Amino acid sequence: MEYKNLPLKPTGSEFRTLVWDYLLTIPYGKTVTYKEIANFISKKTKKSPCPQAIGGAVGNNNIPIIIPCHRVVGTNKNLTGYTGGLHIKKKL
């Protein structure tokens with residue numbers, strides 16, 4: 001799914017937009033780790049992103065029903081923070 005075809009358009013820095021675009025590539029029923037996002041960002045920008053910046057971008061997604069931030073898990077595949085609460089993230 002591509003959010004850019006919807007009338008909604010998230011606003012954020014170039015970095016955050018890059019993270020959100022990556023989140024859109026996560027297939028339904030699959031998860032990725034913050035480390036996988038960092039590796040993607042590193043390849044795209046040739047810079048190592050700060051883990052807090054990745055977490056900030058994932059966490060500041062204003063349209064989580066469209067951009068699936070709930071599909072991001074910790075490096076050890078454990079559930080990590082979610083604005084709606086971990087019980088919601090687990091269901092999603």
# chains A, B, ... in the order shown; residues from 1 in each chain; ligands from 1
call {"tool": "residues_around", "arguments": {"residues": "Leu18 (chain A)", "least_positions_apart": "5", "cutoff": "9 Å", "atoms": "only C-alpha atoms", "output": "list in words"}}
result
Ser13, Leu23, Ile41 and Lys44 of chain A
call {"tool": "residues_around", "arguments": {"residues": "region 48-65 of chain A", "least_positions_apart": "4", "cutoff": "8 Å", "atoms": "only C-alpha atoms", "output": "list in words"}}
result
Pro10, Phe15, Arg16, Val19, Trp20, Tyr34, Ile37, Ala38, Asn39, Ile41, Ser42, Cys69, His70, Tyr82 and Thr83 of chain A
call {"tool": "write_last_selection", "arguments": {"atoms": "N, CA and C atoms", "output": "compact mmCIF listing (two decimals), in the first residue's frame"}}
result
# COMPACT_ATOMS: atom_id res chain seq x y z
N PRO A 10 1.61 12.48 5.68
CA PRO A 10 2.33 12.77 6.93
C PRO A 10 3.42 13.80 6.68
N PHE A 15 14.45 12.48 7.14
CA PHE A 15 14.81 11.25 7.84
C PHE A 15 13.56 10.48 8.24
N ARG A 16 12.62 11.16 8.88
CA ARG A 16 11.39 10.49 9.32
C ARG A 16 10.61 9.94 8.13
N VAL A 19 12.13 6.72 7.06
CA VAL A 19 11.75 5.63 7.97
C VAL A 19 10.31 5.20 7.68
N TRP A 20 9.39 6.16 7.54
CA TRP A 20 7.99 5.82 7.29
C TRP A 20 7.82 5.09 5.96
N TYR A 34 14.28 -2.72 14.74
CA TYR A 34 14.87 -1.38 14.62
C TYR A 34 16.22 -1.47 13.93
N ILE A 37 15.80 -1.51 10.24
CA ILE A 37 15.53 -0.15 9.76
C ILE A 37 16.83 0.64 9.70
N ALA A 38 17.66 0.51 10.74
CA ALA A 38 18.95 1.21 10.77
C ALA A 38 19.82 0.79 9.59
N ASN A 39 19.85 -0.49 9.27
CA ASN A 39 20.63 -0.97 8.13
C ASN A 39 20.12 -0.37 6.83
N ILE A 41 18.48 2.50 6.47
CA ILE A 41 18.82 3.93 6.48
C ILE A 41 20.30 4.12 6.16
N SER A 42 21.16 3.29 6.74
CA SER A 42 22.60 3.38 6.48
C SER A 42 22.91 3.21 5.00
N CYS A 69 3.62 1.11 12.05
CA CYS A 69 4.69 1.16 13.03
C CYS A 69 4.58 0.03 14.05
N HIS A 70 3.40 -0.55 14.18
CA HIS A 70 3.22 -1.67 15.13
C HIS A 70 3.94 -2.93 14.68
N TYR A 82 4.75 1.09 22.28
CA TYR A 82 3.74 1.43 21.30
C TYR A 82 2.81 2.43 21.95
N THR A 83 2.51 3.50 21.27
CA THR A 83 1.71 4.57 21.84
C THR A 83 0.38 4.06 22.36
call {"tool": "residues_around", "arguments": {"residues": "region 26-28 of chain A", "least_positions_apart": "5", "cutoff": "12 Å", "atoms": "only C-alpha atoms", "output": "PyMOL selection string"}}
result
chain A and resi 1-2+19-21+33+36-37+66-73+92
call {"tool": "atom_distance", "arguments": {"atom1": "CA of Lys46 (chain A)", "atom2": "CA of Asn76 (chain A)"}}
result
25.0 Å
call {"tool": "select_by_dssp", "arguments": {"residues": "region 18-73 of chain A", "states": "helix (DSSP H, G or I)", "output": "PyMOL selection string"}}
result
chain A and resi 18-23+34-45+51-59+69-71
call {"tool": "atom_distance", "arguments": {"atom1": "CA of Lys47 (chain A)", "atom2": "CA of Glu14 (chain A)"}}
result
13.7 Å
